[in-house]
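Participant: Mind looking over this structure? Questions follow.
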Amino acid sequence: MATTLHSFIDIFDTTFGEDQEAVQLKKIIIPIIQRDYAQGRRGSDVIRVRGRFLESLYKAVTEKPITLDFVYGDIDDEGNMTPLDGQQRLTTLFLLHWYAAKKGNIPEADYKFLKKFSYETRYSARYFCIDLVDYKPEFKRAISKEIVNQAWFPLDWENDPTISSMLVMIDAIDNKFRNVPDLWGKLKEKCITFYFLPIKDMGLTDELYIKMNSRGKPLTLFEHFKAELEREIRSMDESLANRIMGKIDRDWTDLLWEYRNNGSSFSGDNIIDDEFLRYFKFICDVICYRQDESPLGRSNDEFDLLQQYFSAKCPDAIKNIETMESFLDCWCNIPDYDSPTDFLKSFMANKHENGKILVESRFNLNIFEDCLHAYSDKTGRIRQFPLNRIVLLYAITTYLQNTDKVTEVDFRRRIRIVNNLIQNSEDEVSDRTDRNRMPAILAEADAIILTGAIDDFIENNFNVSQLSEEKEKITFLESNPDMADAMFELEDHFLLNGQISIIGLENLTYTKRFESLFKCSLDKIDCAMMAIGDYGQVERNKWRYQYGSTYQFAWNELFHKSANSGFDNTKSILISLLATNEEFSNEILKKIADDYLQECESNSLYPLRYYYIKYREYRPGSYGKMQNNAAVTNPYLFSVMQTKTQMSQNTYIPFLKVASDSHLSRDDMGQRLIFGDEHIICTNNSYLRRKNDDDTMVDTISIAQNDNGIDTEDRIIALKNYIQANF
């Protein structure tokens, strides 16, 4: 018997076959072994699939006719057809035709064929179909509510999953089609058709039904997605559709099989559906960026993405399909590696290793697997795979797609360049409504992986300072290849993350010294550097200053070029410190600081640096931030901050805090000491004692200074003595 095209109306009473094998289809029966009707279930995935299916049917009756997928079934000698595949579509068409007949007041003679559609899964479903055809709704409220209130509808029928699903679908059909004029006439005009393939003499046993369509188990979201993808591709290119669907079922399933069920072999279903769809969304985002656009604010629904990029209405659909194919194929057969996991582990590590790039310990080294499991949440709405990971994964796939043009040795050097740029472009790797730099960043990553050079003509991509540094490194290593290991080791230091400007290419011989130094106490390093010189940097706002602290964050801020001024001075002081010793210890650093303090005390000169080193309270909190609105004219009036950007109740002037912490006023952000109805504030060369209510001056405690404005007495000791004598 041959495949033929039919509508739900004309398939009944149609004769199939020839001569003695000819048989007339008189009835469609959903057999006992079939699963329940599922398209009306209430799960989130089913709701999405139902909405899309009804939308396609709606467009078929209002815009352009549609042909659904194949329906397979056996027709027995009495003309009863039992569908092997197509139950869900046939049931929905039955309900749609019932609705159109009742809504349009169609004569019973025209729709009596609906009684030839029956469910045998349960007696309740069978009788519900019979009674439904005879029933005429009033269309005054939800049709499902009208139906369940009928005398012929027993209460326990609501527990039948097929009936409850049908009721949901009837309401959904009403919501979608209630304003379509002459719906019945459009259905008679065959605006919705499907191919029917009668299957004869297959012996449709219970075992065959169970194997092909497990009872009670609805089609997955991925199965619906795959069917729609195939339909769209096939409408454009039959051979391309055959190739892509073949790869989904074989090559790409084999690729993703290792990563199924979020990597857990104990999960209930051995499927790769979610993994495929997450990687599909990554590919769609790449396509979007390549079109110089942003996926931000757009639908992340896989069906919407399919229509946007891979349907016949998209002018670049074929190109996008080939992009998808390339992005999956490249992981299937990686030269010299058995799997993506082996390949990725060969050049990625969480700590410095020769020949590998450094990846933060919080990230999975297997970035491909990470994408498969974390690119979006279960709803598909939240991307849990950060932009910097997208760029790195994109750069790796660029290489895998071009292994015939780029050697593995070149790739390892080039991916390090890309990784350095990513790590030092936190602000630049952005996709915002007012600044989407991802298209330019992906283009730059392409250029680096394919050519080994940085394309200066691509604007607004990675951090400008880091791009400049990477170009210098490329040139440097061409002349000094023997320095590569030292440079890469320095790049991978936890405080540098690829940016080595604070040391400089000219000081690569200090790599081991730098490593030795930062194995010591950060506080000891802070004091030793200050003993050599004031290494702080002024932020762009001119009132906030960056210093080190006992936390890594502050040193990261200092050692990476930014809008701060004073970077070169910080570098000079750091290099001067490194020049003092080949190896460092806390004892060595303490001696450097102590020697400086002794020198100040011997000369009775107490500059800001002295107080910074002498008194722990002077050294900033975790963020290394200090505040001074007029440091040039008032170099002593620094406030220590405890936050990253703002003054707070925990801010304080260190001289006051050290002198009398218990009287420090949090309400005044640590800018005064309160003693009853009086307070003390600090100026650049004195302390002022005033009344609280009207700031009336009570006393001035002057600080001795030389002609250069440098204290010649320890102002903290002076204040402590005054407080002890007067309060």
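Each chain in the structure tokens gets a letter, A, B, ..., in the order shown, and its residues are numbered from 1; ligands are numbered from 1 in order too.
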Considering only C-alpha atoms, return as a list of chain:residue names whatever protein or nucleic-acid residues lie within 8 Å of Ala659 in chain A, sequence-local ones (same chain, fewer than 3 positions apart) excluded.
Facilitator: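 Surrounding residues, per the criterion: A:Phe655, A:Leu656, A:Ile716, A:Ile717, A:Leu719, A:Lys720.
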Participant: Mind checking which residues fall within 10 Å of Phe462 in chain A, counting only C-alpha atoms, ignoring those fewer than 3 positions away in the same chain, and posting them as a compact mmCIF listing (two decimals) with N, CA and C atoms, in the first residue's frame?
Facilitator:
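Below you can see selection37.txt, which holds the result:
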# COMPACT_ATOMS: atom_id res chain seq x y z
N VAL A 418 43.95 34.53 23.87
CA VAL A 418 42.50 34.77 24.04
C VAL A 418 42.12 34.70 25.52
N LEU A 421 43.15 37.79 27.39
CA LEU A 421 42.27 38.91 27.05
C LEU A 421 40.93 38.78 27.79
N ILE A 422 40.40 37.57 27.84
CA ILE A 422 39.13 37.35 28.53
C ILE A 422 39.26 37.69 30.01
N GLN A 423 40.32 37.20 30.64
CA GLN A 423 40.48 37.40 32.08
C GLN A 423 40.68 38.85 32.46
N ASN A 424 41.17 39.66 31.52
CA ASN A 424 41.46 41.05 31.83
C ASN A 424 40.53 42.02 31.10
N SER A 425 39.37 41.52 30.72
CA SER A 425 38.38 42.37 30.04
C SER A 425 37.00 42.18 30.67
N GLU A 426 36.98 42.18 31.99
CA GLU A 426 35.72 41.93 32.70
C GLU A 426 34.65 42.94 32.31
N ASP A 427 35.03 44.20 32.21
CA ASP A 427 34.05 45.23 31.84
C ASP A 427 33.73 45.20 30.35
N GLU A 428 34.71 44.83 29.54
CA GLU A 428 34.54 44.88 28.09
C GLU A 428 33.73 43.70 27.55
N VAL A 429 33.90 42.52 28.14
CA VAL A 429 33.12 41.36 27.70
C VAL A 429 31.69 41.56 28.21
N SER A 430 30.92 42.27 27.42
CA SER A 430 29.60 42.70 27.89
C SER A 430 28.57 42.58 26.78
N ARG A 437 29.36 44.36 23.09
CA ARG A 437 30.68 44.22 22.49
C ARG A 437 30.96 42.79 22.04
N MET A 438 30.01 41.90 22.26
CA MET A 438 30.25 40.50 21.94
C MET A 438 30.53 40.24 20.46
N ALA A 440 32.13 42.07 18.29
CA ALA A 440 33.52 42.45 18.03
C ALA A 440 34.48 41.53 18.75
N ILE A 441 34.13 41.11 19.96
CA ILE A 441 35.00 40.23 20.73
C ILE A 441 35.12 38.86 20.07
N LEU A 442 34.02 38.32 19.56
CA LEU A 442 34.08 37.03 18.86
C LEU A 442 34.88 37.16 17.57
N GLU A 444 37.38 39.23 17.10
CA GLU A 444 38.79 39.31 17.49
C GLU A 444 39.31 37.93 17.87
N ALA A 445 38.51 37.15 18.57
CA ALA A 445 38.90 35.79 18.93
C ALA A 445 39.14 34.96 17.68
N ILE A 458 39.47 45.86 14.32
CA ILE A 458 38.23 45.51 15.01
C ILE A 458 38.11 46.40 16.23
N GLU A 459 37.14 47.26 16.25
CA GLU A 459 37.00 48.24 17.32
C GLU A 459 36.10 47.71 18.44
N SER A 465 44.32 48.02 27.07
CA SER A 465 45.64 47.81 27.69
C SER A 465 46.10 46.38 27.51
N GLN A 466 45.16 45.44 27.66
CA GLN A 466 45.55 44.03 27.52
C GLN A 466 45.87 43.69 26.07
N LEU A 467 45.12 44.26 25.14
CA LEU A 467 45.44 44.05 23.72
C LEU A 467 46.84 44.54 23.42
Participant: Can you check which residues of range 469-632 of chain A DSSP gives as helix (DSSP H, G or I) on the backbone and send them as a PyMOL selection string?
Facilitator: chain A and resi 469-479+481-491+505-517+522-532+552-559+567-578+586-603+608-614+616-618
Participant: Could you name the residues that touch range 73-76 of chain A at 7 Å or less, counting only C-alpha atoms, but leaving out those on the same chain fewer than 5 positions away, as a list in words?
Facilitator: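 Residues near the query, excluding close chain neighbours: Leu25, Met81, Thr82, Pro83, Leu84, Asp85, Leu197, Pro198, Ile199 and Lys200 of chain A.
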Participant: Would you write out those residues with N, CA and C atoms, as a compact mmCIF listing (two decimals), in the first residue's frame?
Facilitator:
# COMPACT_ATOMS: atom_id res chain seq x y z
N LEU A 25 -11.31 2.26 4.88
CA LEU A 25 -11.15 2.71 6.27
C LEU A 25 -12.50 3.22 6.77
N MET A 81 -8.93 1.08 11.57
CA MET A 81 -7.52 1.47 11.55
C MET A 81 -7.03 1.72 12.97
N THR A 82 -5.97 1.03 13.34
CA THR A 82 -5.32 1.28 14.63
C THR A 82 -4.00 1.97 14.35
N PRO A 83 -3.86 3.22 14.79
CA PRO A 83 -2.63 3.96 14.49
C PRO A 83 -1.44 3.45 15.30
N LEU A 84 -0.35 3.22 14.61
CA LEU A 84 0.89 2.87 15.26
C LEU A 84 1.64 4.13 15.66
N ASP A 85 1.51 5.17 14.86
CA ASP A 85 2.12 6.46 15.18
C ASP A 85 1.20 7.55 14.63
N LEU A 197 0.10 6.25 5.89
CA LEU A 197 0.72 5.06 5.33
C LEU A 197 0.10 3.83 5.98
N PRO A 198 -0.77 3.11 5.26
CA PRO A 198 -1.32 1.86 5.80
C PRO A 198 -0.22 0.80 5.89
N ILE A 199 -0.19 0.09 6.98
CA ILE A 199 0.81 -0.95 7.16
C ILE A 199 0.07 -2.28 7.26
N LYS A 200 0.35 -3.14 6.32
CA LYS A 200 -0.39 -4.40 6.22
C LYS A 200 0.49 -5.57 6.62
Participant: Name the closest residue to Gly355 in chain A among the candidates A:Phe368, A:Tyr399, A:Phe514, A:Phe411; distances are taken between atoms, counting only C-alpha atoms.
Facilitator: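 Looking only at the distances to Gly355 in chain A, the closest residue turns out to be A:Phe411.
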Participant: I want to know what sits within 10 Å of Tyr652 in chain A, based on only C-alpha atoms, with residues of the same chain fewer than 5 positions away left out; could you give that as a list in words?
Facilitator: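 Everything that qualifies: Glu617, Tyr618, Met626, Gln627, Phe638, Ser639, Val640, Met641, Gln642, Met647, Lys657, Asp661, Leu664, Ser665, Arg666, Asp668, Met669, Gly670, Gln671 and Arg672 of chain A.
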Participant: Keeping only N, CA and C atoms, take the residues you just selected and write them out as an mmCIF file, in the first residue's frame.
Facilitator:
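As written to disk, part_12.cif reads:
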data_model
loop_
_atom_site.group_PDB
_atom_site.id
_atom_site.type_symbol
_atom_site.label_atom_id
_atom_site.label_comp_id
_atom_site.auth_asym_id
_atom_site.auth_seq_id
_atom_site.Cartn_x
_atom_site.Cartn_y
_atom_site.Cartn_z
ATOM 1 N N GLU A 617 45.976 50.096 62.279
ATOM 2 C CA GLU A 617 44.703 50.727 61.948
ATOM 3 C C GLU A 617 44.792 51.613 60.713
ATOM 4 N N TYR A 618 46.001 52.033 60.385
ATOM 5 C CA TYR A 618 46.149 52.918 59.235
ATOM 6 C C TYR A 618 46.027 52.159 57.916
ATOM 7 N N MET A 626 41.230 53.974 50.493
ATOM 8 C CA MET A 626 41.344 55.121 51.383
ATOM 9 C C MET A 626 40.742 56.331 50.688
ATOM 10 N N GLN A 627 40.384 57.346 51.507
ATOM 11 C CA GLN A 627 39.707 58.522 50.974
ATOM 12 C C GLN A 627 40.424 59.789 51.419
ATOM 13 N N PHE A 638 43.900 61.300 55.423
ATOM 14 C CA PHE A 638 43.326 60.125 54.774
ATOM 15 C C PHE A 638 42.373 59.416 55.725
ATOM 16 N N SER A 639 41.247 58.993 55.159
ATOM 17 C CA SER A 639 40.311 58.149 55.909
ATOM 18 C C SER A 639 40.398 56.731 55.367
ATOM 19 N N VAL A 640 40.346 55.777 56.265
ATOM 20 C CA VAL A 640 40.361 54.368 55.871
ATOM 21 C C VAL A 640 38.927 53.918 55.608
ATOM 22 N N MET A 641 38.692 53.340 54.420
ATOM 23 C CA MET A 641 37.359 52.859 54.050
ATOM 24 C C MET A 641 37.262 51.350 54.262
ATOM 25 N N GLN A 642 36.031 50.891 54.495
ATOM 26 C CA GLN A 642 35.802 49.451 54.651
ATOM 27 C C GLN A 642 34.937 48.893 53.522
ATOM 28 N N MET A 647 31.907 55.950 51.361
ATOM 29 C CA MET A 647 32.131 56.159 52.789
ATOM 30 C C MET A 647 30.985 55.494 53.545
ATOM 31 N N LYS A 657 41.195 56.898 65.500
ATOM 32 C CA LYS A 657 40.858 55.534 65.928
ATOM 33 C C LYS A 657 41.946 54.952 66.825
ATOM 34 N N ASP A 661 39.790 54.606 70.300
ATOM 35 C CA ASP A 661 38.796 53.881 69.501
ATOM 36 C C ASP A 661 37.411 53.897 70.152
ATOM 37 N N LEU A 664 35.334 56.955 69.151
ATOM 38 C CA LEU A 664 35.190 57.259 67.724
ATOM 39 C C LEU A 664 33.710 57.264 67.338
ATOM 40 N N SER A 665 33.270 58.297 66.652
ATOM 41 C CA SER A 665 31.852 58.443 66.309
ATOM 42 C C SER A 665 31.542 57.779 64.964
ATOM 43 N N ARG A 666 30.774 56.704 65.024
ATOM 44 C CA ARG A 666 30.330 56.033 63.795
ATOM 45 C C ARG A 666 29.336 56.905 63.030
ATOM 46 N N ASP A 668 29.447 59.954 62.575
ATOM 47 C CA ASP A 668 30.206 60.940 61.790
ATOM 48 C C ASP A 668 31.232 60.268 60.883
ATOM 49 N N MET A 669 30.998 58.984 60.587
ATOM 50 C CA MET A 669 31.882 58.199 59.716
ATOM 51 C C MET A 669 33.336 58.287 60.179
ATOM 52 N N GLY A 670 33.513 58.177 61.503
ATOM 53 C CA GLY A 670 34.852 58.103 62.073
ATOM 54 C C GLY A 670 35.671 59.364 61.924
ATOM 55 N N GLN A 671 34.995 60.522 61.768
ATOM 56 C CA GLN A 671 35.731 61.768 61.537
ATOM 57 C C GLN A 671 35.923 62.582 62.824
ATOM 58 N N ARG A 672 35.420 62.088 63.975
ATOM 59 C CA ARG A 672 35.597 62.830 65.228
ATOM 60 C C ARG A 672 35.526 61.884 66.417
#
Participant: Applying 9 Å and only C-alpha atoms, which residues near Asp13 in chain A remain after dropping the ones on its own chain fewer than 5 positions away? List them as number ranges by chain.
Facilitator: A: 24-27, 79
Participant: Could you save the residues just selected, with N, CA and C atoms, as a compact mmCIF listing (two decimals), in the first residue's frame?
Facilitator:
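Output contents, as saved in part_4.txt:
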# COMPACT_ATOMS: atom_id res chain seq x y z
N GLN A 24 -11.45 -0.63 2.89
CA GLN A 24 -12.01 0.70 3.13
C GLN A 24 -11.88 1.06 4.61
N LEU A 25 -11.31 2.26 4.88
CA LEU A 25 -11.15 2.71 6.27
C LEU A 25 -12.50 3.22 6.77
N LYS A 26 -13.04 2.52 7.74
CA LYS A 26 -14.35 2.88 8.27
C LYS A 26 -14.29 3.49 9.67
N LYS A 27 -13.22 3.19 10.39
CA LYS A 27 -13.16 3.65 11.77
C LYS A 27 -11.70 3.76 12.22
N GLY A 79 -12.10 -2.77 8.23
CA GLY A 79 -11.91 -1.34 7.99
C GLY A 79 -11.55 -0.55 9.22
Participant: Go through A:Asn175, A:Thr14, A:Thr323, A:Thr511 one by one, measure the shortest atom-to-atom distance of each to Phe282 in chain A using only C-alpha atoms, and give the residue with the smallest value.
Facilitator: A:Thr323
Participant: Could you state the separation of CA of Tyr99 in chain A and CA of Arg231 in chain A in Å, given to one decimal place?
Facilitator: 27.1 Å
Participant: Please provide the set of residues having any atom within 6 Å of range 4-11 of chain A, restricted to only C-alpha atoms, with same-chain residues fewer than 2 positions apart removed, written as a list in words.
Facilitator: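 Those residues are Thr14, Lys190, Thr193, Phe194, Tyr195 and Phe196 of chain A.
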Participant: Based on the selection just made, write N, CA and C atoms of those residues as a short mmCIF file (atom, residue, chain, number, x, y, z; two decimals), in the first residue's frame.
Facilitator:
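Saved file result-v5.cif follows:
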data_model
loop_
_atom_site.label_atom_id
_atom_site.label_comp_id
_atom_site.auth_asym_id
_atom_site.auth_seq_id
_atom_site.Cartn_x
_atom_site.Cartn_y
_atom_site.Cartn_z
N THR A 14 -12.39 6.07 2.82
CA THR A 14 -11.45 5.99 1.70
C THR A 14 -10.96 4.56 1.57
N LYS A 190 -9.48 21.32 3.16
CA LYS A 190 -8.23 20.58 3.34
C LYS A 190 -7.04 21.51 3.63
N THR A 193 -3.70 18.76 6.37
CA THR A 193 -3.60 17.40 5.82
C THR A 193 -2.45 16.65 6.47
N PHE A 194 -2.39 15.36 6.22
CA PHE A 194 -1.29 14.53 6.72
C PHE A 194 -1.13 13.35 5.77
N TYR A 195 0.05 12.79 5.76
CA TYR A 195 0.31 11.59 4.97
C TYR A 195 -0.08 10.36 5.78
N PHE A 196 -0.82 9.49 5.15
CA PHE A 196 -1.21 8.26 5.82
C PHE A 196 -0.60 7.07 5.10
#
Participant: Please, which residues in range 471-504 of chain A fall within 9 Å of range 535-558 of chain A when counting only C-alpha atoms, and what is the closest atom pair and distance in Å to one decimal for each, ordered by chain then residue number, as JSON lines?
Facilitator:
{"residue": "A:Phe494", "atom": "CA", "partner": "A:Asn556", "partner_atom": "CA", "distance": 8.7}
{"residue": "A:Leu495", "atom": "CA", "partner": "A:Asn556", "partner_atom": "CA", "distance": 5.4}
{"residue": "A:Leu496", "atom": "CA", "partner": "A:Asn556", "partner_atom": "CA", "distance": 6.8}
{"residue": "A:Asn497", "atom": "CA", "partner": "A:Asn556", "partner_atom": "CA", "distance": 8.9}
{"residue": "A:Ile502", "atom": "CA", "partner": "A:Leu558", "partner_atom": "CA", "distance": 8.6}
